[in-house]
Each structure stands twice: as C-alpha cells, then as structure tokens.
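Quick look at run-v6.txt (compact mmCIF, N, CA and C atoms):
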```txt
# COMPACT_ATOMS: atom_id res chain seq x y z
N MET R 1 -9.52 16.17 -18.20
CA MET R 1 -9.49 16.19 -16.76
C MET R 1 -10.34 17.33 -16.22
N GLN R 2 -10.19 18.52 -16.81
CA GLN R 2 -10.97 19.69 -16.38
C GLN R 2 -12.46 19.42 -16.52
N LYS R 3 -12.86 18.73 -17.60
CA LYS R 3 -14.27 18.43 -17.83
C LYS R 3 -14.82 17.53 -16.73
N ILE R 4 -14.04 16.54 -16.29
CA ILE R 4 -14.47 15.62 -15.22
C ILE R 4 -14.65 16.39 -13.92
N ILE R 5 -13.70 17.24 -13.58
CA ILE R 5 -13.79 18.03 -12.35
C ILE R 5 -15.01 18.93 -12.39
N THR R 6 -15.28 19.55 -13.52
CA THR R 6 -16.45 20.43 -13.66
C THR R 6 -17.74 19.64 -13.47
N VAL R 7 -17.84 18.48 -14.09
CA VAL R 7 -19.03 17.64 -13.95
C VAL R 7 -19.23 17.23 -12.49
N LEU R 8 -18.16 16.83 -11.83
CA LEU R 8 -18.25 16.44 -10.42
C LEU R 8 -18.66 17.63 -9.56
N SER R 9 -18.09 18.79 -9.81
CA SER R 9 -18.44 19.99 -9.05
C SER R 9 -19.90 20.33 -9.23
N LEU R 10 -20.40 20.26 -10.45
CA LEU R 10 -21.81 20.55 -10.71
C LEU R 10 -22.71 19.54 -10.03
N ALA R 11 -22.32 18.27 -10.01
CA ALA R 11 -23.12 17.23 -9.35
C ALA R 11 -23.23 17.51 -7.85
N VAL R 12 -22.12 17.90 -7.24
CA VAL R 12 -22.12 18.20 -5.81
C VAL R 12 -22.97 19.44 -5.54
N LEU R 13 -22.80 20.49 -6.34
CA LEU R 13 -23.59 21.72 -6.16
C LEU R 13 -25.08 21.47 -6.36
N ALA R 14 -25.43 20.55 -7.23
CA ALA R 14 -26.84 20.25 -7.50
C ALA R 14 -27.44 19.35 -6.43
N GLY R 15 -26.63 18.90 -5.49
CA GLY R 15 -27.15 18.09 -4.39
C GLY R 15 -27.07 16.59 -4.62
N PHE R 16 -26.40 16.17 -5.68
CA PHE R 16 -26.24 14.73 -5.90
C PHE R 16 -25.14 14.22 -4.99
N SER R 17 -25.37 13.06 -4.41
CA SER R 17 -24.30 12.48 -3.59
C SER R 17 -23.49 11.53 -4.45
N LEU R 18 -22.21 11.53 -4.24
CA LEU R 18 -21.32 10.66 -4.99
C LEU R 18 -20.92 9.50 -4.09
N PRO R 19 -20.98 8.26 -4.58
CA PRO R 19 -20.62 7.13 -3.74
C PRO R 19 -19.14 7.17 -3.40
N MET R 20 -18.83 6.99 -2.13
CA MET R 20 -17.44 6.94 -1.71
C MET R 20 -17.29 6.03 -0.51
N ALA R 21 -16.12 5.46 -0.35
CA ALA R 21 -15.85 4.58 0.78
C ALA R 21 -15.79 5.43 2.05
N VAL R 22 -16.27 4.86 3.14
CA VAL R 22 -16.35 5.59 4.40
C VAL R 22 -15.77 4.76 5.54
N SER R 23 -15.64 5.40 6.69
CA SER R 23 -15.25 4.69 7.90
C SER R 23 -16.53 4.36 8.66
N LEU R 24 -16.46 3.32 9.47
CA LEU R 24 -17.59 2.94 10.30
C LEU R 24 -17.45 3.64 11.64
N GLY R 25 -18.34 4.59 11.94
CA GLY R 25 -18.23 5.38 13.16
C GLY R 25 -18.57 4.60 14.41
N ALA R 26 -19.65 3.86 14.40
CA ALA R 26 -20.11 3.12 15.57
C ALA R 26 -20.49 1.71 15.13
N LYS R 27 -21.02 0.95 16.07
CA LYS R 27 -21.47 -0.40 15.71
C LYS R 27 -22.58 -0.33 14.68
N GLN R 28 -22.56 -1.29 13.80
CA GLN R 28 -23.62 -1.45 12.81
C GLN R 28 -24.15 -2.86 12.98
N CYS R 29 -25.43 -3.00 13.17
CA CYS R 29 -26.02 -4.32 13.38
C CYS R 29 -27.00 -4.64 12.26
N GLY R 30 -27.11 -5.91 11.96
CA GLY R 30 -28.03 -6.36 10.91
C GLY R 30 -27.71 -7.79 10.54
N GLY R 31 -28.11 -8.18 9.38
CA GLY R 31 -27.90 -9.55 8.93
C GLY R 31 -26.53 -9.76 8.30
N ALA R 32 -26.08 -10.99 8.37
CA ALA R 32 -24.83 -11.40 7.72
C ALA R 32 -25.10 -12.70 6.96
N SER R 33 -24.51 -12.80 5.80
CA SER R 33 -24.55 -14.03 5.02
C SER R 33 -23.11 -14.39 4.68
N TRP R 34 -22.93 -15.51 4.00
CA TRP R 34 -21.57 -15.87 3.59
C TRP R 34 -21.61 -16.30 2.13
N TYR R 35 -20.43 -16.22 1.51
CA TYR R 35 -20.34 -16.62 0.11
C TYR R 35 -19.03 -17.34 -0.15
N ASN R 36 -19.04 -18.13 -1.22
CA ASN R 36 -17.91 -18.99 -1.55
C ASN R 36 -17.77 -19.04 -3.06
N LEU R 37 -16.97 -18.13 -3.60
CA LEU R 37 -16.73 -18.06 -5.04
C LEU R 37 -15.23 -18.12 -5.29
N PRO R 38 -14.61 -19.25 -5.00
CA PRO R 38 -13.15 -19.33 -5.08
C PRO R 38 -12.60 -18.93 -6.44
N GLY R 39 -11.59 -18.07 -6.40
CA GLY R 39 -10.92 -17.65 -7.62
C GLY R 39 -11.56 -16.47 -8.33
N ASN R 40 -12.84 -16.18 -8.04
CA ASN R 40 -13.47 -15.02 -8.68
C ASN R 40 -12.84 -13.74 -8.17
N LYS R 41 -12.77 -12.74 -9.02
CA LYS R 41 -12.21 -11.45 -8.60
C LYS R 41 -13.21 -10.73 -7.71
N THR R 42 -12.71 -10.16 -6.62
CA THR R 42 -13.53 -9.32 -5.76
C THR R 42 -13.50 -7.90 -6.31
N ALA R 43 -14.30 -7.02 -5.73
CA ALA R 43 -14.34 -5.63 -6.18
C ALA R 43 -13.00 -4.93 -5.99
N SER R 44 -12.19 -5.41 -5.04
CA SER R 44 -10.87 -4.80 -4.82
C SER R 44 -9.82 -5.31 -5.80
N GLY R 45 -10.18 -6.32 -6.59
CA GLY R 45 -9.25 -6.89 -7.55
C GLY R 45 -8.57 -8.16 -7.06
N GLU R 46 -8.71 -8.47 -5.78
CA GLU R 46 -8.16 -9.72 -5.24
C GLU R 46 -8.99 -10.89 -5.73
N ARG R 47 -8.41 -12.07 -5.68
CA ARG R 47 -9.15 -13.29 -5.95
C ARG R 47 -9.84 -13.72 -4.66
N MET R 48 -11.10 -14.15 -4.76
CA MET R 48 -11.84 -14.61 -3.59
C MET R 48 -11.20 -15.89 -3.07
N ASN R 49 -10.88 -15.89 -1.77
CA ASN R 49 -10.31 -17.06 -1.11
C ASN R 49 -11.25 -17.43 0.04
N PRO R 50 -12.00 -18.53 -0.08
CA PRO R 50 -12.97 -18.89 0.95
C PRO R 50 -12.32 -19.22 2.30
N ASN R 51 -11.01 -19.46 2.30
CA ASN R 51 -10.30 -19.78 3.55
C ASN R 51 -9.73 -18.55 4.24
N ALA R 52 -9.81 -17.40 3.60
CA ALA R 52 -9.29 -16.15 4.19
C ALA R 52 -10.36 -15.51 5.06
N MET R 53 -9.92 -14.69 5.99
CA MET R 53 -10.86 -13.98 6.87
C MET R 53 -11.17 -12.63 6.22
N THR R 54 -12.05 -12.67 5.23
CA THR R 54 -12.39 -11.48 4.45
C THR R 54 -13.90 -11.31 4.40
N ALA R 55 -14.32 -10.13 3.91
CA ALA R 55 -15.75 -9.85 3.86
C ALA R 55 -16.07 -8.79 2.82
N ALA R 56 -17.35 -8.69 2.51
CA ALA R 56 -17.87 -7.67 1.61
C ALA R 56 -18.75 -6.72 2.42
N HIS R 57 -18.57 -5.42 2.16
CA HIS R 57 -19.39 -4.39 2.79
C HIS R 57 -19.71 -3.37 1.71
N ARG R 58 -20.87 -2.72 1.81
CA ARG R 58 -21.27 -1.78 0.76
C ARG R 58 -20.39 -0.54 0.69
N LYS R 59 -19.92 -0.02 1.84
CA LYS R 59 -19.27 1.29 1.83
C LYS R 59 -17.90 1.37 2.47
N LEU R 60 -17.53 0.44 3.33
CA LEU R 60 -16.24 0.56 4.02
C LEU R 60 -15.08 0.45 3.03
N ARG R 61 -14.01 1.18 3.31
CA ARG R 61 -12.82 1.15 2.46
C ARG R 61 -12.22 -0.25 2.43
N PHE R 62 -11.69 -0.61 1.26
CA PHE R 62 -10.97 -1.88 1.16
C PHE R 62 -9.79 -1.84 2.12
N GLY R 63 -9.57 -2.95 2.81
CA GLY R 63 -8.49 -3.03 3.78
C GLY R 63 -8.93 -2.74 5.20
N THR R 64 -10.13 -2.18 5.38
CA THR R 64 -10.64 -1.90 6.72
C THR R 64 -10.86 -3.22 7.46
N LYS R 65 -10.45 -3.25 8.71
CA LYS R 65 -10.68 -4.45 9.53
C LYS R 65 -11.85 -4.18 10.47
N VAL R 66 -12.74 -5.17 10.55
CA VAL R 66 -13.89 -5.06 11.43
C VAL R 66 -14.04 -6.32 12.26
N ARG R 67 -14.53 -6.11 13.49
CA ARG R 67 -14.89 -7.24 14.35
C ARG R 67 -16.36 -7.54 14.09
N VAL R 68 -16.64 -8.78 13.77
CA VAL R 68 -18.01 -9.22 13.52
C VAL R 68 -18.41 -10.14 14.66
N THR R 69 -19.50 -9.82 15.34
CA THR R 69 -19.97 -10.63 16.47
C THR R 69 -21.33 -11.21 16.14
N ASN R 70 -21.43 -12.53 16.23
CA ASN R 70 -22.68 -13.25 16.00
C ASN R 70 -23.55 -13.04 17.23
N LYS R 71 -24.70 -12.38 17.08
CA LYS R 71 -25.57 -12.08 18.20
C LYS R 71 -26.24 -13.32 18.77
N ARG R 72 -26.30 -14.40 18.00
CA ARG R 72 -26.96 -15.62 18.47
C ARG R 72 -26.10 -16.42 19.46
N ASN R 73 -24.75 -16.37 19.26
CA ASN R 73 -23.89 -17.20 20.12
C ASN R 73 -22.73 -16.43 20.75
N GLY R 74 -22.56 -15.17 20.43
CA GLY R 74 -21.51 -14.34 21.02
C GLY R 74 -20.12 -14.51 20.42
N ARG R 75 -19.96 -15.40 19.45
CA ARG R 75 -18.65 -15.59 18.82
C ARG R 75 -18.28 -14.38 17.97
N SER R 76 -16.97 -14.05 17.95
CA SER R 76 -16.47 -12.91 17.17
C SER R 76 -15.29 -13.30 16.31
N VAL R 77 -15.14 -12.62 15.19
CA VAL R 77 -13.97 -12.76 14.32
C VAL R 77 -13.60 -11.37 13.81
N ILE R 78 -12.36 -11.24 13.40
CA ILE R 78 -11.92 -10.01 12.75
C ILE R 78 -11.67 -10.35 11.28
N VAL R 79 -12.28 -9.55 10.40
CA VAL R 79 -12.15 -9.77 8.96
C VAL R 79 -11.68 -8.48 8.30
N ARG R 80 -11.16 -8.64 7.10
CA ARG R 80 -10.69 -7.50 6.29
C ARG R 80 -11.65 -7.32 5.12
N ILE R 81 -12.10 -6.10 4.90
CA ILE R 81 -13.01 -5.81 3.79
C ILE R 81 -12.24 -5.80 2.47
N ASN R 82 -12.67 -6.64 1.53
CA ASN R 82 -12.03 -6.67 0.21
C ASN R 82 -13.02 -6.80 -0.94
N ASP R 83 -14.32 -6.65 -0.62
CA ASP R 83 -15.33 -6.81 -1.66
C ASP R 83 -16.53 -5.92 -1.35
N ARG R 84 -17.45 -5.80 -2.29
CA ARG R 84 -18.66 -5.01 -2.12
C ARG R 84 -19.87 -5.93 -2.00
N GLY R 85 -20.81 -5.53 -1.20
CA GLY R 85 -22.03 -6.28 -0.95
C GLY R 85 -22.34 -6.17 0.52
N PRO R 86 -23.29 -6.82 1.05
CA PRO R 86 -24.34 -7.59 0.39
C PRO R 86 -25.37 -6.67 -0.24
N PHE R 87 -26.14 -7.21 -1.13
CA PHE R 87 -27.13 -6.42 -1.84
C PHE R 87 -28.55 -6.92 -1.55
N ILE R 88 -28.74 -7.45 -0.34
CA ILE R 88 -30.05 -7.90 0.12
C ILE R 88 -30.44 -7.02 1.30
N LYS R 89 -31.64 -6.48 1.27
CA LYS R 89 -32.12 -5.58 2.31
C LYS R 89 -31.97 -6.21 3.70
N GLY R 90 -31.44 -5.42 4.63
CA GLY R 90 -31.29 -5.87 6.01
C GLY R 90 -29.95 -6.51 6.32
N ARG R 91 -29.20 -6.84 5.28
CA ARG R 91 -27.88 -7.45 5.52
C ARG R 91 -26.82 -6.36 5.47
N VAL R 92 -25.86 -6.45 6.41
CA VAL R 92 -24.82 -5.43 6.51
C VAL R 92 -23.45 -5.93 6.07
N ILE R 93 -23.27 -7.25 5.98
CA ILE R 93 -21.96 -7.79 5.63
C ILE R 93 -22.12 -9.20 5.05
N ASP R 94 -21.26 -9.53 4.10
CA ASP R 94 -21.13 -10.88 3.55
C ASP R 94 -19.75 -11.37 3.93
N LEU R 95 -19.67 -12.54 4.53
CA LEU R 95 -18.39 -13.07 5.00
C LEU R 95 -17.91 -14.23 4.15
N SER R 96 -16.60 -14.46 4.19
CA SER R 96 -16.04 -15.65 3.55
C SER R 96 -16.54 -16.89 4.30
N LYS R 97 -16.43 -18.03 3.68
CA LYS R 97 -16.87 -19.27 4.31
C LYS R 97 -16.11 -19.53 5.61
N ALA R 98 -14.81 -19.23 5.62
CA ALA R 98 -14.01 -19.45 6.83
C ALA R 98 -14.50 -18.60 8.00
N ALA R 99 -14.80 -17.34 7.72
CA ALA R 99 -15.29 -16.44 8.78
C ALA R 99 -16.65 -16.90 9.29
N ALA R 100 -17.53 -17.29 8.37
CA ALA R 100 -18.85 -17.78 8.77
C ALA R 100 -18.72 -19.06 9.60
N GLY R 101 -17.76 -19.91 9.25
CA GLY R 101 -17.54 -21.13 10.02
C GLY R 101 -17.12 -20.83 11.45
N LYS R 102 -16.23 -19.86 11.62
CA LYS R 102 -15.79 -19.49 12.98
C LYS R 102 -16.93 -18.86 13.78
N LEU R 103 -17.85 -18.21 13.09
CA LEU R 103 -19.00 -17.62 13.78
C LEU R 103 -20.12 -18.64 13.99
N GLY R 104 -20.00 -19.80 13.38
CA GLY R 104 -20.94 -20.90 13.62
C GLY R 104 -22.28 -20.79 12.93
N TYR R 105 -22.30 -20.25 11.70
CA TYR R 105 -23.61 -20.17 11.04
C TYR R 105 -23.60 -20.68 9.60
N ILE R 106 -22.66 -21.50 9.23
CA ILE R 106 -22.62 -22.01 7.85
C ILE R 106 -23.92 -22.74 7.50
N ASN R 107 -24.37 -23.61 8.36
CA ASN R 107 -25.58 -24.39 8.04
C ASN R 107 -26.83 -23.53 7.94
N ARG R 108 -26.91 -22.45 8.70
CA ARG R 108 -28.07 -21.55 8.66
C ARG R 108 -28.06 -20.68 7.40
N GLY R 109 -26.85 -20.32 6.92
CA GLY R 109 -26.74 -19.47 5.74
C GLY R 109 -26.65 -17.99 6.05
N HIS R 110 -27.30 -17.58 7.13
CA HIS R 110 -27.24 -16.18 7.54
C HIS R 110 -27.51 -16.10 9.04
N THR R 111 -27.14 -14.97 9.63
CA THR R 111 -27.34 -14.77 11.07
C THR R 111 -27.42 -13.29 11.36
N SER R 112 -27.65 -12.96 12.59
CA SER R 112 -27.71 -11.58 13.03
C SER R 112 -26.37 -11.22 13.67
N VAL R 113 -25.78 -10.09 13.25
CA VAL R 113 -24.47 -9.70 13.74
C VAL R 113 -24.41 -8.21 14.08
N CYS R 114 -23.37 -7.84 14.78
CA CYS R 114 -22.97 -6.44 14.93
C CYS R 114 -21.54 -6.35 14.47
N ILE R 115 -21.20 -5.27 13.76
CA ILE R 115 -19.83 -5.08 13.32
C ILE R 115 -19.33 -3.75 13.84
N GLU R 116 -18.03 -3.72 14.13
CA GLU R 116 -17.38 -2.48 14.54
C GLU R 116 -15.97 -2.46 14.01
N GLN R 117 -15.54 -1.29 13.58
CA GLN R 117 -14.20 -1.13 13.02
C GLN R 117 -13.16 -1.30 14.11
N VAL R 118 -12.04 -1.95 13.78
CA VAL R 118 -10.93 -2.13 14.72
C VAL R 118 -9.65 -1.56 14.11
N GLY R 119 -8.70 -1.22 14.99
CA GLY R 119 -7.38 -0.77 14.56
C GLY R 119 -7.42 0.37 13.63
```
Spit out the file's structure as structure tokens when you get a sec.
Amino acid sequence: MQKIITVLSLAVLAGFSLPMAVSLGAKQCGGASWYNLPGNKTASGERMNPNAMTAAHRKLRFGTKVRVTNKRNGRSVIVRINDRGPFIKGRVIDLSKAAAGKLGYINRGHTSVCIEQVG
C-alpha cells in the first residue's frame, strides 16, 4: 500500500495527471451517438439495458444524472451515467437506444446535443 501511495505522489509531483471522475460544471455541447449492446457489462459493472435511460460519458461519475437536449429539435431527456465513452472525436455522450429514441435521432445515428448536470 505504501508503495502505491509513493508512486501516486511522485506522479502528481512530476506533473502527470491521473484520470478521475469529475462533475460537469457548465453545459457541454457536442455530438451524441447511441449504442445497443444488451446484456454486455458497462464500465460501472451494470448490464447494458437498451430500454433504460442511461448513457456513457468519458469523465462524469457513475450515477450522475444529466439532461441531454437535442439541438436539432429541442427535445430533452434525463439519463444516468453508467458507462464510459464515446471515444470518437467531437462526441460528448453515448446514449442508450431508449434515450436516443426519445430525442428523435435513432435513424440518423448521431446528433448535436448539449448536456448539463441535474440534481
């Protein structure tokens, strides 16, 4: 345990940043896509449920709720972060199929959104 703490301390002192989950301070806008991998484990350990209102974000803490607004049509949904991603430049969130359906972009595959943390 002492060895791990020492290594982490040295990494911080040397200027290396350590990945950690964060809160979303203000609105974040960019692309959104959706995914449908029923039964696969998410990064949080949950099973992916395409009918749940869930999403993947690169840095937000698991369990964080965010309002996602489709900039093309103004529709909004609230989703819970339970996975990591997206890993495509310009995209800020990956939504479950159910959330993408409510936002009206399943056929397009992706859309432009803004997200903001709620509650």
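Among the candidates R:Gly63, R:Gly119, R:Gly74, R:Pro50, the one nearest to Asn36 (chain R) when counting all atoms listed in the file is R:Pro50.
Between CA of His57 (chain R) and CA of Gly85 (chain R) the interatomic distance comes to 5.0 Å.
Put simply, atom C of Ala56 (chain R) is 5.0 Å away from atom C of Asp94 (chain R).
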Can you tell me which residues surround Val118 (chain R) at a distance of at most 7 Å, considering only N, CA and C atoms, apart from same-chain residues fewer than 6 positions away, and format the answer as a ChimeraX atom specification? /R:64-67
Please, what distance in Å, to one decimal, runs between atom N of Lys27 (chain R) and CA of Val68 (chain R)? 10.9 Å
With distances taken over all atoms listed in the file, the candidate from R:Leu37, R:Leu60, R:Ile78, R:Glu116 nearest Ala99 (chain R) is R:Ile78
Ala55 (chain R) environment, 8 Å, only C-alpha atoms, sequence neighbours closer than 2 positions dropped, as a count of residues only: 11
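Distance check against Gly30 (chain R) using all atoms listed in the file: of R:Thr69, R:Ser76, R:Thr54, R:Ser112, the minimum falls on R:Ser112.
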